[in-house]
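Note sheet for the following structure.
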There are 4 protein chains.
Amino acid sequence: MTSQQPPLWRRALAELIGTCLLVAVVVGSGIAAQQLSPNDVGLQLLENSTATVLGLTVLILVFGPVSGGHFNPVVSAADWFLGRRHGTGLNLTELGTYAVAQVAGAIGGSVLANVMFDLGTSISTKDRTTPGHLVAEAVATAGLVLLIFSLARTNRGLLAAPAVGAYIGAAYWFTSSTSFANPAVTIGRIFTDTFAGIAPVSVPGFILAQIAGAALGLGLLLALFPAAGSAADDVVVPHRAKETA
Amino acid sequence: MTSQQPPLWRRALAELIGTCLLVAVVVGSGIAAQQLSPNDVGLQLLENSTATVLGLTVLILVFGPVSGGHFNPVVSAADWFLGRRHGTGLNLTELGTYAVAQVAGAIGGSVLANVMFDLGTSISTKDRTTPGHLVAEAVATAGLVLLIFSLARTNRGLLAAPAVGAYIGAAYWFTSSTSFANPAVTIGRIFTDTFAGIAPVSVPGFILAQIAGAALGLGLLLALFPAAGSAADDVVVPHRAKETA
Amino acid sequence: MTSQQPPLWRRALAELIGTCLLVAVVVGSGIAAQQLSPNDVGLQLLENSTATVLGLTVLILVFGPVSGGHFNPVVSAADWFLGRRHGTGLNLTELGTYAVAQVAGAIGGSVLANVMFDLGTSISTKDRTTPGHLVAEAVATAGLVLLIFSLARTNRGLLAAPAVGAYIGAAYWFTSSTSFANPAVTIGRIFTDTFAGIAPVSVPGFILAQIAGAALGLGLLLALFPAAGSAADDVVVPHRAKETA
Amino acid sequence: MTSQQPPLWRRALAELIGTCLLVAVVVGSGIAAQQLSPNDVGLQLLENSTATVLGLTVLILVFGPVSGGHFNPVVSAADWFLGRRHGTGLNLTELGTYAVAQVAGAIGGSVLANVMFDLGTSISTKDRTTPGHLVAEAVATAGLVLLIFSLARTNRGLLAAPAVGAYIGAAYWFTSSTSFANPAVTIGRIFTDTFAGIAPVSVPGFILAQIAGAALGLGLLLALFPAAGSAADDVVVPHRAKETA
C-alpha cells in the first residue's frame, strides 16, 4: 500500500461498518426467509444466499476503496502474511485493528438485524458441528483465500467484488456448513437465535477449520501462482486487462 | 454537470418515464408473484426482488445518460446537497422538477401495472408501520445514498446500474420493510391494492425514515470519503479504472 | 455497417441458429419447469425466466459479432427504420432475409425442445389474449426497442448482451403476458403445446401489439436521444466508456 | 500459447483442482438441494443450477490464468484440434495430461462432496439414458464449444468466465439431461449416489453424444467465424473491446 491510503482509523471504520452490514445482510435475510417461507428450508437458503451474493458484492464495491473490503480476519491475516514476504500488505498493528473492527462490526450486524425485525438479541442455540461441516469450512475458506489473492496477484482485483459475492453464493450450497468462512462473521452470528445463527459451542471448531483452510488456500496459491508472488506486476492475463478487467 | 447536458424538460421526461417503469416493475412483478405463487410469501418476494434487480439495472442503463437515472427524490436531494458544497449537481429548480416528475411517474407506474394485469386502480390497505420497519427504511436509504455517491466520488459511476440493482435486491431481504428507500416510489405504491402496495397511513413514517436515512448516509459518505468530497477527480482506485470500470 | 461485415448468408445463418436456440431455451426450460415443479406456476416461471436471462445473454454474445444478434423482426425493422434516416442499418433485402431466418429458426427451436424432452410437436392450445396482455406486449416491446437503441446510440452496444437478457428477465414478471416482445418467437412458440406455448388464435393480436410497441419505443428513443440520432458518435457518457463499457 | 505459459505440471494441477472443485460444487449443491427442498425437484434443480452458475464462473476466473480453465476434455480436445490448424493450442501430450487431470479431479470432487455432507461414496444408480437426453447432450456440448471458441476467436476470452457459467446455468434447464456436456464431469458424477449422480450404464452414451456435439459445435464455429480461424487477431468487435471487454 502507498502513502495515499486512508488513515487507519478511517479504514477501521470502513471494516467495522462493512462487516456490520454484511452480517446484517446474512442474518436479516435469514430471518426474512424463515418467516416468509416456513415450509421449505432449501427455499429459505436460496433466499438467504441470493441476498448475500448481491449484498456482499455491493459492500466490497463501497468499502473496498477505503480499507480493501476484507470484512474477514483470515483475509486480513493472509494479506499480512503475503505482504510480509514482499514488502506490501497490512502490518501487525493494522491487522489487529482490522480484526477488532471486524468482530465488533459483526456483532453489531446481528443486533441491527434483530432490531429491524423487531426481535430481541439472544444467543443462538443452533449447534452446527459435524465432521463434514468442519471439512466444509476448511474447503470454503481455502477457496476464498485462493480466489481473493489469485485475483490480486494477476492484477484483476477490480473483479473481487462480484467474484467474492458469487463464490460465497456457491459456497452456501456446495458446502454442508453453508460456508461461514470468516471468524468475525462466525462470532457475530452467535448473537441471533434465528436461521443464520450458530451456537457458541460450535464456534471454536469452525474458527479452527477456517484457519486451517486459510493455510491450505495460501499453499495452493503459492503452488499455482509462484511468479506472481515475487512480482505483483507479472502479466498472466493480457496487459490491458490487468488494469481494466 | 456541463453545458452539454440535455435540457431540463428532457431530463424530467426521463425521470418520469424511468420512475414509471420502475414502479411498474415493482408492482407488476408483485402482482404476478402473488397470483402465480399463492402459497409461499417468501417465494413471491424472491420473484418480486429478482425482477426488480434486473429491471432497475436496465432502467438506470437506459435513462442514466439523459437524467442521471435517479428515480428517487432523496437521491436527487443528496445530489443537490453535495453539489451545493462543490459547485456541481442539481440546483433547486432542477431538484423540484425532478421530484415532481418522479412522483408523477411513480403513480403512473402503479396504474400501468394495474392495467397490464386487468386490475382496477385502488388505494392499498396494507399497513406496514412497525418500529423495525422504520429502522429498516433508514438503514436501507442510508446504504443506497452511500453506495451511489461513493461510486460517483471514486469515479466508478458506470457501475451504478448493476450495483444499485444488486443493492436493492439485497435490501428487499435484509430489511424487514423490503426496502422502499424512495419517497416517490413509496407514494406511487399507494395506488395499487396488491402485493407491493402500501396504505397511505404508513407513508409519512416511511418517508421520514427515508429522509433520516439519507442524512445518515451522507454523514457516512463524508466520514469515509472526505478527500473525494473536495476533488471529484481524486484517485482511489487505479487511474484507468476510473474511466472504464 | 461497413464492408467488413460478414456476407448476408452467414448473417442469416447466425440469425437462424441464434433464434432457434433462443426458442429452444424458452420452450425447453418451460417444459423442464412444468415437469419438475408441478405445484407452483410462479416457481415454474422463475425457473423459465432465470434460464432465459442466462441463455439470451450468451446467445447475443455468440452471434452478435456475426449478425448483430437481433433474433427479432421488430428489432431488425427498427434497425432498418433508424438506419434509413442516417445511412446505416439493414436495407430492405437484408431485413426480409433476417425476418425469414428468424421465423424459421424460431419454429425449429420449438421442434428441437420437443425432441430433447421426448415430446411430439403439436400446436399449442394456450389462449393468451386479454386486454391487459396486449397492453403488456406493447409496453414490453417498447422497452426492448428503447433499451437496444439507446445503448447503441450512446456507444454502449457491448452492454447489449447482459442488458437485453436482464430486461427480458424482468419483463417475464412485470408484464402480464410474460413478455414475448418478438413476432418470430411468438410464431415459433405456436409449435409446442407446453408451458411456453401460445395458441394460433392469440398470435395476431400479440404481433400487432408488438409492432405498436416498437413504434412507441422508437418515439421515446427519438424524444430522449435526439442528438444521438444524427451523430452516432455523440458523447453521452465519458468518452472512454463509449468504447469499452 | 507462448513460452511464458506455466509448466505443464502446474497447468495439470490447476485442471485437477479446478475440475475437482467444479464437481464438488455440482454434486455438493445437489446434495444440499435434495436434503433441504425434498418436495420439489424443480426447486432442487434451481438451487443446484444457481450454485453452479456462480461456482463455475469463479473457478474459471481463478484457474483460467494458469491452465485456461478447461475442466473438460472435449474443450481441451477442441483446443488441440483448432490449434493444430493454426499453430496454437495444446499438443497431444498436453491434451492427454489435461484429460487425465480432469478425470482424476472430477472423481475427487464427488468424493469431497460426499465427505463434506457426511455421506459415503457409492456408485450412482440413476439411469439417465433416453433418446431425448442424448440429443440434449449433443446440443449442450455443441453450444458450449461454439461459445468458448467464438469468444476466443473474437478476442473476448476475458468474458469466458461469466459466459460459460451463464451458459451452463441455462443448459441445466433447456436440455432434458440437465447438460453434463463434459466427459470428465460425467465420469466423476458416477461416484455419488445422490441428486447429481449418473449410473455407469448411462455414461458411454452420454460421452458419445458429447463428442458428437463437440464436432457439431466445431462445424458451426468454422461456418460462422471462418476469418477468425486463420487470423486470431481479426477484428469482429471494435478494436478496443478486443482487449478489455
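The chains in the C-alpha cells are called A, B, ... from first to last as shown; in each chain the residues are counted from 1, and the ligands are counted from 1 in the order shown.
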
Skipping near chain neighbours, those fewer than 2 positions away, what residues fall within 12 Å of Ala160 in chain A using only C-alpha atoms, listed as JSON, numbers by chain?
-> {"A": [56, 57, 58, 59, 60, 61, 64, 65, 68, 69, 70, 144, 145, 146, 147, 148, 149, 150, 151, 152, 153, 154, 155, 156, 157, 158, 162, 163, 164, 165, 166, 167, 168, 245], "D": [58, 61, 62]}

Do you know which residues are at most 7 Å from range 125-139 of chain D counting only C-alpha atoms, after dropping those on the same chain fewer than 3 positions away, and could you put them as a list in words?
-> Val115, Met116, Phe117 and Asp118 of chain C; Ala142, Gly143, Thr175, Ser176, Ser177, Ser179, Phe180, Ala181, Asp193, Gly197, Ile198, Ala199, Val201, Ser202, Gly205, Phe206, Ala209, Gln210, Ala212 and Gly213 of chain D

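Between CA of Asp40 in chain A and CA of Val41 in chain B lies a distance of 11.8 Å.
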
**Prompt:** What's the 12 Å shell around Gly30 in chain A, counting only C-alpha atoms, without same-chain residues fewer than 2 positions away, as an NGL selection string?
**Reply:** (:A and (23-28 or 32-38 or 41-52 or 110 or 113-114 or 117 or 189 or 192-197)) or (:B and (42 or 170 or 172-176))

Any chance you could dump chain D, least-squares fitted to chain C on all C-alpha atoms in order, as a compact mmCIF listing (two decimals) with C-alpha atoms, in the first residue's frame?
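This went into part-v4.txt:
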# COMPACT_ATOMS: atom_id res chain seq x y z
CA MET D 1 -22.30 -1.18 -41.19
CA THR D 2 -19.05 -1.41 -43.02
CA SER D 3 -17.80 -3.52 -45.90
CA GLN D 4 -16.12 -5.76 -43.33
CA GLN D 5 -19.38 -7.25 -42.17
CA PRO D 6 -19.98 -10.94 -42.95
CA PRO D 7 -21.88 -11.87 -46.12
CA LEU D 8 -25.66 -11.96 -45.83
CA TRP D 9 -25.93 -15.74 -45.95
CA ARG D 10 -23.66 -16.04 -42.94
CA ARG D 11 -25.54 -13.40 -41.03
CA ALA D 12 -28.82 -15.13 -41.88
CA LEU D 13 -27.37 -18.41 -40.64
CA ALA D 14 -26.44 -16.72 -37.36
CA GLU D 15 -29.95 -15.29 -36.99
CA LEU D 16 -31.48 -18.67 -37.79
CA ILE D 17 -29.37 -20.67 -35.34
CA GLY D 18 -29.48 -17.98 -32.69
CA THR D 19 -33.26 -17.65 -32.81
CA CYS D 20 -33.58 -21.43 -32.88
CA LEU D 21 -31.53 -21.74 -29.71
CA LEU D 22 -33.37 -18.83 -28.08
CA VAL D 23 -36.71 -20.55 -28.58
CA ALA D 24 -35.19 -23.86 -27.51
CA VAL D 25 -34.12 -22.17 -24.27
CA VAL D 26 -37.53 -20.59 -23.68
CA VAL D 27 -39.57 -23.66 -24.59
CA GLY D 28 -37.17 -26.26 -23.20
CA SER D 29 -36.79 -24.61 -19.82
CA GLY D 30 -40.56 -24.16 -19.72
CA ILE D 31 -41.05 -27.89 -20.26
CA ALA D 32 -38.49 -28.74 -17.59
CA ALA D 33 -40.06 -26.32 -15.15
CA GLN D 34 -43.56 -27.65 -15.75
CA GLN D 35 -42.43 -31.25 -15.29
CA LEU D 36 -40.22 -30.67 -12.24
CA SER D 37 -42.24 -28.07 -10.29
CA PRO D 38 -45.82 -29.15 -11.00
CA ASN D 39 -47.38 -27.48 -7.97
CA ASP D 40 -46.39 -23.82 -8.32
CA VAL D 41 -46.79 -21.90 -11.57
CA GLY D 42 -44.79 -19.00 -10.17
CA LEU D 43 -41.84 -21.24 -9.46
CA GLN D 44 -42.13 -22.59 -13.00
CA LEU D 45 -41.97 -19.07 -14.35
CA LEU D 46 -38.98 -18.24 -12.13
CA GLU D 47 -37.13 -21.28 -13.48
CA ASN D 48 -38.16 -20.39 -17.02
CA SER D 49 -37.18 -16.74 -16.71
CA THR D 50 -33.86 -17.47 -14.99
CA ALA D 51 -32.84 -19.83 -17.78
CA THR D 52 -33.88 -17.26 -20.37
CA VAL D 53 -31.88 -14.42 -18.79
CA LEU D 54 -28.75 -16.56 -18.86
CA GLY D 55 -29.33 -18.15 -22.25
CA LEU D 56 -30.33 -14.99 -24.11
CA THR D 57 -27.28 -13.14 -22.79
CA VAL D 58 -24.99 -15.89 -24.04
CA LEU D 59 -26.67 -16.12 -27.44
CA ILE D 60 -26.23 -12.40 -28.08
CA LEU D 61 -22.58 -12.70 -27.07
CA VAL D 62 -22.01 -15.56 -29.51
CA PHE D 63 -23.99 -14.41 -32.54
CA GLY D 64 -23.79 -10.65 -32.06
CA PRO D 65 -20.43 -10.25 -33.80
CA VAL D 66 -21.78 -12.06 -36.87
CA SER D 67 -25.29 -10.71 -37.40
CA GLY D 68 -25.95 -8.27 -34.57
CA GLY D 69 -27.85 -10.90 -32.63
CA HIS D 70 -31.31 -9.48 -33.29
CA PHE D 71 -33.31 -12.74 -33.21
CA ASN D 72 -36.37 -10.47 -33.54
CA PRO D 73 -38.03 -8.97 -36.62
CA VAL D 74 -39.14 -5.79 -34.86
CA VAL D 75 -35.57 -5.14 -33.77
CA SER D 76 -34.35 -5.69 -37.32
CA ALA D 77 -37.13 -3.47 -38.64
CA ALA D 78 -36.26 -0.72 -36.19
CA ASP D 79 -32.64 -1.03 -37.26
CA TRP D 80 -33.74 -0.55 -40.88
CA PHE D 81 -36.03 2.36 -39.96
CA LEU D 82 -33.40 4.23 -37.95
CA GLY D 83 -30.66 3.45 -40.47
CA ARG D 84 -32.79 4.70 -43.34
CA ARG D 85 -32.64 8.14 -41.76
CA HIS D 86 -28.91 8.14 -41.13
CA GLY D 87 -27.34 5.95 -43.81
CA THR D 88 -26.69 2.90 -41.62
CA GLY D 89 -28.53 -0.27 -40.63
CA LEU D 90 -30.13 -3.05 -42.65
CA ASN D 91 -31.58 -2.46 -46.09
CA LEU D 92 -34.94 -3.94 -47.07
CA THR D 93 -33.46 -7.07 -48.65
CA GLU D 94 -31.44 -7.75 -45.57
CA LEU D 95 -34.46 -7.06 -43.36
CA GLY D 96 -36.56 -9.58 -45.27
CA THR D 97 -33.80 -12.17 -45.12
CA TYR D 98 -33.32 -11.65 -41.40
CA ALA D 99 -37.05 -11.98 -40.73
CA VAL D 100 -37.37 -15.21 -42.68
CA ALA D 101 -34.35 -16.68 -40.92
CA GLN D 102 -35.69 -15.61 -37.53
CA VAL D 103 -39.12 -17.15 -38.07
CA ALA D 104 -37.69 -20.37 -39.46
CA GLY D 105 -35.23 -20.59 -36.60
CA ALA D 106 -37.93 -19.96 -34.03
CA ILE D 107 -40.09 -22.78 -35.35
CA GLY D 108 -37.07 -25.04 -35.36
CA GLY D 109 -36.37 -24.12 -31.76
CA SER D 110 -39.75 -25.37 -30.62
CA VAL D 111 -39.28 -28.61 -32.50
CA LEU D 112 -35.80 -29.06 -31.04
CA ALA D 113 -37.05 -28.51 -27.50
CA ASN D 114 -39.85 -31.00 -28.03
CA VAL D 115 -37.35 -33.59 -29.31
CA MET D 116 -34.96 -33.06 -26.39
CA PHE D 117 -37.81 -33.74 -23.97
CA ASP D 118 -39.11 -36.75 -25.93
CA LEU D 119 -42.35 -34.93 -26.78
CA GLY D 120 -44.07 -34.74 -30.13
CA THR D 121 -44.60 -31.39 -31.81
CA SER D 122 -48.19 -30.20 -31.69
CA ILE D 123 -49.97 -26.88 -31.87
CA SER D 124 -50.41 -25.00 -28.60
CA THR D 125 -53.92 -24.64 -27.21
CA LYS D 126 -52.98 -21.88 -24.76
CA ASP D 127 -55.11 -18.82 -25.47
CA ARG D 128 -53.32 -15.80 -24.06
CA THR D 129 -55.43 -12.88 -25.32
CA THR D 130 -56.72 -10.38 -22.77
CA PRO D 131 -56.75 -6.58 -22.99
CA GLY D 132 -54.07 -6.42 -20.31
CA HIS D 133 -51.85 -8.87 -22.18
CA LEU D 134 -51.98 -6.74 -25.31
CA VAL D 135 -51.04 -3.61 -23.37
CA ALA D 136 -48.27 -5.64 -21.78
CA GLU D 137 -46.85 -6.75 -25.13
CA ALA D 138 -46.80 -3.16 -26.34
CA VAL D 139 -45.05 -1.97 -23.19
CA ALA D 140 -42.57 -4.85 -23.26
CA THR D 141 -41.65 -4.28 -26.89
CA ALA D 142 -41.38 -0.52 -26.46
CA GLY D 143 -38.95 -1.05 -23.60
CA LEU D 144 -36.92 -3.55 -25.57
CA VAL D 145 -36.54 -1.23 -28.57
CA LEU D 146 -35.71 1.72 -26.34
CA LEU D 147 -33.10 -0.33 -24.50
CA ILE D 148 -31.30 -1.72 -27.54
CA PHE D 149 -31.12 1.51 -29.48
CA SER D 150 -30.35 3.75 -26.52
CA LEU D 151 -27.32 1.56 -25.82
CA ALA D 152 -26.30 1.62 -29.48
CA ARG D 153 -26.73 5.37 -29.76
CA THR D 154 -24.65 6.02 -26.65
CA ASN D 155 -21.93 3.69 -27.90
CA ARG D 156 -22.58 1.14 -25.20
CA GLY D 157 -23.60 -1.64 -27.57
CA LEU D 158 -21.18 -4.02 -25.86
CA LEU D 159 -23.55 -4.00 -22.87
CA ALA D 160 -26.44 -5.22 -25.01
CA ALA D 161 -25.98 -8.91 -24.23
CA PRO D 162 -26.40 -8.78 -20.45
CA ALA D 163 -28.77 -5.82 -20.61
CA VAL D 164 -31.21 -7.45 -23.01
CA GLY D 165 -31.05 -10.67 -21.02
CA ALA D 166 -31.81 -8.78 -17.82
CA TYR D 167 -34.59 -6.80 -19.44
CA ILE D 168 -36.41 -9.87 -20.71
CA GLY D 169 -35.97 -11.48 -17.30
CA ALA D 170 -37.70 -8.54 -15.64
CA ALA D 171 -40.35 -8.38 -18.35
CA TYR D 172 -41.33 -12.03 -17.82
CA TRP D 173 -42.58 -10.80 -14.45
CA PHE D 174 -43.71 -7.21 -14.68
CA THR D 175 -45.88 -7.77 -17.76
CA SER D 176 -48.95 -9.95 -17.50
CA SER D 177 -48.12 -11.62 -20.83
CA THR D 178 -44.67 -12.81 -19.70
CA SER D 179 -43.26 -10.57 -22.45
CA PHE D 180 -42.99 -12.31 -25.78
CA ALA D 181 -42.00 -8.96 -27.39
CA ASN D 182 -40.88 -10.74 -30.56
CA PRO D 183 -43.01 -11.77 -33.56
CA ALA D 184 -40.67 -14.57 -34.63
CA VAL D 185 -40.54 -16.10 -31.17
CA THR D 186 -44.31 -15.70 -30.91
CA ILE D 187 -44.78 -17.71 -34.10
CA GLY D 188 -42.23 -20.29 -33.01
CA ARG D 189 -43.99 -20.83 -29.71
CA ILE D 190 -47.14 -21.93 -31.55
CA PHE D 191 -45.45 -25.25 -32.21
CA THR D 192 -45.31 -26.65 -28.69
CA ASP D 193 -48.31 -27.49 -26.51
CA THR D 194 -46.36 -26.87 -23.31
CA PHE D 195 -45.70 -24.18 -20.71
CA ALA D 196 -44.33 -21.58 -23.14
CA GLY D 197 -46.74 -22.25 -26.00
CA ILE D 198 -49.28 -19.85 -27.49
CA ALA D 199 -52.43 -20.78 -29.40
CA PRO D 200 -52.56 -19.52 -33.01
CA VAL D 201 -55.70 -17.53 -32.25
CA SER D 202 -53.70 -15.29 -29.87
CA VAL D 203 -50.85 -14.65 -32.26
CA PRO D 204 -52.21 -11.86 -34.49
CA GLY D 205 -53.11 -9.69 -31.51
CA PHE D 206 -49.74 -10.26 -29.91
CA ILE D 207 -47.88 -9.33 -33.08
CA LEU D 208 -49.95 -6.20 -33.67
CA ALA D 209 -49.30 -5.13 -30.09
CA GLN D 210 -45.60 -5.76 -30.57
CA ILE D 211 -45.51 -3.61 -33.70
CA ALA D 212 -47.37 -0.83 -31.90
CA GLY D 213 -44.94 -1.14 -29.02
CA ALA D 214 -41.95 -0.92 -31.31
CA ALA D 215 -43.33 2.29 -32.78
CA LEU D 216 -43.85 3.67 -29.28
CA GLY D 217 -40.31 2.67 -28.34
CA LEU D 218 -38.90 4.46 -31.39
CA GLY D 219 -40.86 7.56 -30.47
CA LEU D 220 -39.47 7.54 -26.93
CA LEU D 221 -35.99 6.95 -28.30
CA LEU D 222 -36.15 9.95 -30.59
CA ALA D 223 -37.57 12.13 -27.80
CA LEU D 224 -34.88 11.16 -25.31
CA PHE D 225 -31.84 10.80 -27.58
CA PRO D 226 -32.33 13.30 -30.43
CA ALA D 227 -28.70 14.31 -30.86
CA ALA D 228 -27.62 10.71 -30.97
CA GLY D 229 -30.00 10.29 -33.88
CA SER D 230 -27.99 12.41 -36.25
CA ALA D 231 -24.53 11.56 -34.94
CA ALA D 232 -23.87 8.11 -33.61
CA ASP D 233 -20.55 9.28 -32.29
CA ASP D 234 -22.09 11.72 -29.86
CA VAL D 235 -20.75 11.48 -26.37
CA VAL D 236 -23.36 10.90 -23.71
CA VAL D 237 -21.21 8.94 -21.30
CA PRO D 238 -17.51 9.68 -20.76
CA HIS D 239 -15.50 9.14 -23.91
CA ARG D 240 -13.49 6.17 -22.76
CA ALA D 241 -16.63 4.36 -21.71
CA LYS D 242 -17.95 4.58 -25.22
CA GLU D 243 -15.34 2.16 -26.32
CA THR D 244 -14.98 -0.21 -23.43
CA ALA D 245 -18.00 -0.17 -21.16

Taking only range 38-220 of chain C into account, list the residues labelled helix (DSSP H, G or I) by DSSP (computed from the backbone), as a CSV table (one decimal) with C-alpha atoms, in the first residue's frame.
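Result file selection05.csv:
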chain,number,residue,atom,x,y,z
C,41,VAL,CA,-46.8,-21.9,-11.6
C,42,GLY,CA,-44.8,-19.0,-10.2
C,43,LEU,CA,-41.8,-21.2,-9.4
C,44,GLN,CA,-42.1,-22.6,-13.0
C,45,LEU,CA,-42.0,-19.1,-14.3
C,46,LEU,CA,-39.0,-18.3,-12.1
C,47,GLU,CA,-37.1,-21.3,-13.5
C,48,ASN,CA,-38.2,-20.4,-17.0
C,49,SER,CA,-37.2,-16.7,-16.7
C,50,THR,CA,-33.9,-17.5,-15.0
C,51,ALA,CA,-32.8,-19.8,-17.8
C,52,THR,CA,-33.9,-17.3,-20.4
C,53,VAL,CA,-31.9,-14.4,-18.8
C,54,LEU,CA,-28.7,-16.6,-18.8
C,55,GLY,CA,-29.3,-18.1,-22.2
C,56,LEU,CA,-30.3,-15.0,-24.1
C,57,THR,CA,-27.3,-13.1,-22.8
C,58,VAL,CA,-25.0,-15.9,-24.0
C,59,LEU,CA,-26.7,-16.1,-27.4
C,60,ILE,CA,-26.2,-12.4,-28.1
C,61,LEU,CA,-22.6,-12.7,-27.1
C,62,VAL,CA,-22.0,-15.6,-29.5
C,63,PHE,CA,-24.0,-14.4,-32.5
C,64,GLY,CA,-23.8,-10.7,-32.1
C,65,PRO,CA,-20.4,-10.3,-33.8
C,66,VAL,CA,-21.8,-12.1,-36.9
C,67,SER,CA,-25.3,-10.7,-37.4
C,73,PRO,CA,-38.0,-9.0,-36.6
C,74,VAL,CA,-39.1,-5.8,-34.9
C,75,VAL,CA,-35.6,-5.1,-33.8
C,76,SER,CA,-34.3,-5.7,-37.3
C,77,ALA,CA,-37.1,-3.5,-38.6
C,78,ALA,CA,-36.3,-0.7,-36.2
C,79,ASP,CA,-32.6,-1.0,-37.3
C,80,TRP,CA,-33.7,-0.5,-40.9
C,81,PHE,CA,-36.0,2.4,-40.0
C,82,LEU,CA,-33.4,4.2,-38.0
C,83,GLY,CA,-30.7,3.4,-40.5
C,84,ARG,CA,-32.8,4.7,-43.3
C,85,ARG,CA,-32.6,8.2,-41.8
C,86,HIS,CA,-28.9,8.1,-41.1
C,92,LEU,CA,-34.9,-4.0,-47.1
C,93,THR,CA,-33.5,-7.1,-48.7
C,94,GLU,CA,-31.5,-7.8,-45.6
C,95,LEU,CA,-34.5,-7.1,-43.4
C,96,GLY,CA,-36.6,-9.6,-45.3
C,97,THR,CA,-33.8,-12.2,-45.1
C,98,TYR,CA,-33.3,-11.7,-41.4
C,99,ALA,CA,-37.1,-12.0,-40.7
C,100,VAL,CA,-37.4,-15.2,-42.7
C,101,ALA,CA,-34.4,-16.7,-40.9
C,102,GLN,CA,-35.7,-15.6,-37.5
C,103,VAL,CA,-39.1,-17.2,-38.1
C,104,ALA,CA,-37.7,-20.4,-39.5
C,105,GLY,CA,-35.2,-20.6,-36.6
C,106,ALA,CA,-37.9,-20.0,-34.0
C,107,ILE,CA,-40.1,-22.8,-35.4
C,108,GLY,CA,-37.1,-25.1,-35.4
C,109,GLY,CA,-36.4,-24.1,-31.8
C,110,SER,CA,-39.8,-25.4,-30.6
C,111,VAL,CA,-39.3,-28.6,-32.5
C,112,LEU,CA,-35.8,-29.1,-31.0
C,113,ALA,CA,-37.1,-28.5,-27.5
C,114,ASN,CA,-39.9,-31.0,-28.0
C,115,VAL,CA,-37.4,-33.6,-29.3
C,116,MET,CA,-35.0,-33.1,-26.4
C,131,PRO,CA,-56.7,-6.6,-23.0
C,132,GLY,CA,-54.1,-6.4,-20.3
C,133,HIS,CA,-51.8,-8.9,-22.2
C,134,LEU,CA,-52.0,-6.7,-25.3
C,135,VAL,CA,-51.0,-3.6,-23.4
C,136,ALA,CA,-48.3,-5.7,-21.8
C,137,GLU,CA,-46.9,-6.8,-25.1
C,138,ALA,CA,-46.8,-3.2,-26.3
C,139,VAL,CA,-45.0,-2.0,-23.2
C,140,ALA,CA,-42.6,-4.9,-23.3
C,141,THR,CA,-41.6,-4.3,-26.9
C,142,ALA,CA,-41.4,-0.5,-26.5
C,143,GLY,CA,-39.0,-1.0,-23.6
C,144,LEU,CA,-36.9,-3.5,-25.6
C,145,VAL,CA,-36.5,-1.2,-28.6
C,146,LEU,CA,-35.7,1.7,-26.3
C,147,LEU,CA,-33.1,-0.3,-24.5
C,148,ILE,CA,-31.3,-1.7,-27.5
C,149,PHE,CA,-31.1,1.5,-29.5
C,150,SER,CA,-30.3,3.7,-26.5
C,151,LEU,CA,-27.3,1.6,-25.8
C,152,ALA,CA,-26.3,1.6,-29.5
C,153,ARG,CA,-26.7,5.4,-29.7
C,157,GLY,CA,-23.6,-1.6,-27.6
C,158,LEU,CA,-21.2,-4.0,-25.9
C,159,LEU,CA,-23.6,-4.0,-22.9
C,160,ALA,CA,-26.4,-5.2,-25.0
C,161,ALA,CA,-26.0,-8.9,-24.2
C,162,PRO,CA,-26.4,-8.8,-20.4
C,163,ALA,CA,-28.8,-5.8,-20.6
C,164,VAL,CA,-31.2,-7.5,-23.0
C,165,GLY,CA,-31.0,-10.7,-21.0
C,166,ALA,CA,-31.8,-8.8,-17.8
C,167,TYR,CA,-34.6,-6.8,-19.4
C,168,ILE,CA,-36.4,-9.9,-20.7
C,169,GLY,CA,-36.0,-11.5,-17.3
C,170,ALA,CA,-37.7,-8.5,-15.6
C,171,ALA,CA,-40.4,-8.4,-18.3
C,172,TYR,CA,-41.3,-12.0,-17.8
C,173,TRP,CA,-42.6,-10.8,-14.4
C,174,PHE,CA,-43.7,-7.2,-14.7
C,183,PRO,CA,-43.0,-11.8,-33.6
C,184,ALA,CA,-40.7,-14.6,-34.6
C,185,VAL,CA,-40.5,-16.1,-31.2
C,186,THR,CA,-44.3,-15.7,-30.9
C,187,ILE,CA,-44.8,-17.7,-34.1
C,188,GLY,CA,-42.2,-20.3,-33.0
C,189,ARG,CA,-44.0,-20.8,-29.7
C,190,ILE,CA,-47.1,-21.9,-31.6
C,191,PHE,CA,-45.4,-25.3,-32.2
C,200,PRO,CA,-52.6,-19.5,-33.0
C,201,VAL,CA,-55.7,-17.5,-32.3
C,202,SER,CA,-53.7,-15.3,-29.9
C,203,VAL,CA,-50.8,-14.7,-32.3
C,204,PRO,CA,-52.2,-11.9,-34.5
C,205,GLY,CA,-53.1,-9.7,-31.5
C,206,PHE,CA,-49.7,-10.2,-29.9
C,207,ILE,CA,-47.9,-9.3,-33.1
C,208,LEU,CA,-49.9,-6.2,-33.7
C,209,ALA,CA,-49.3,-5.1,-30.1
C,210,GLN,CA,-45.6,-5.8,-30.6
C,211,ILE,CA,-45.5,-3.6,-33.7
C,212,ALA,CA,-47.3,-0.8,-31.9
C,213,GLY,CA,-44.9,-1.1,-29.0
C,214,ALA,CA,-41.9,-0.9,-31.3
C,215,ALA,CA,-43.3,2.3,-32.8
C,216,LEU,CA,-43.8,3.7,-29.3
C,217,GLY,CA,-40.3,2.7,-28.3
C,218,LEU,CA,-38.9,4.5,-31.4
C,219,GLY,CA,-40.9,7.6,-30.5
C,220,LEU,CA,-39.5,7.5,-26.9
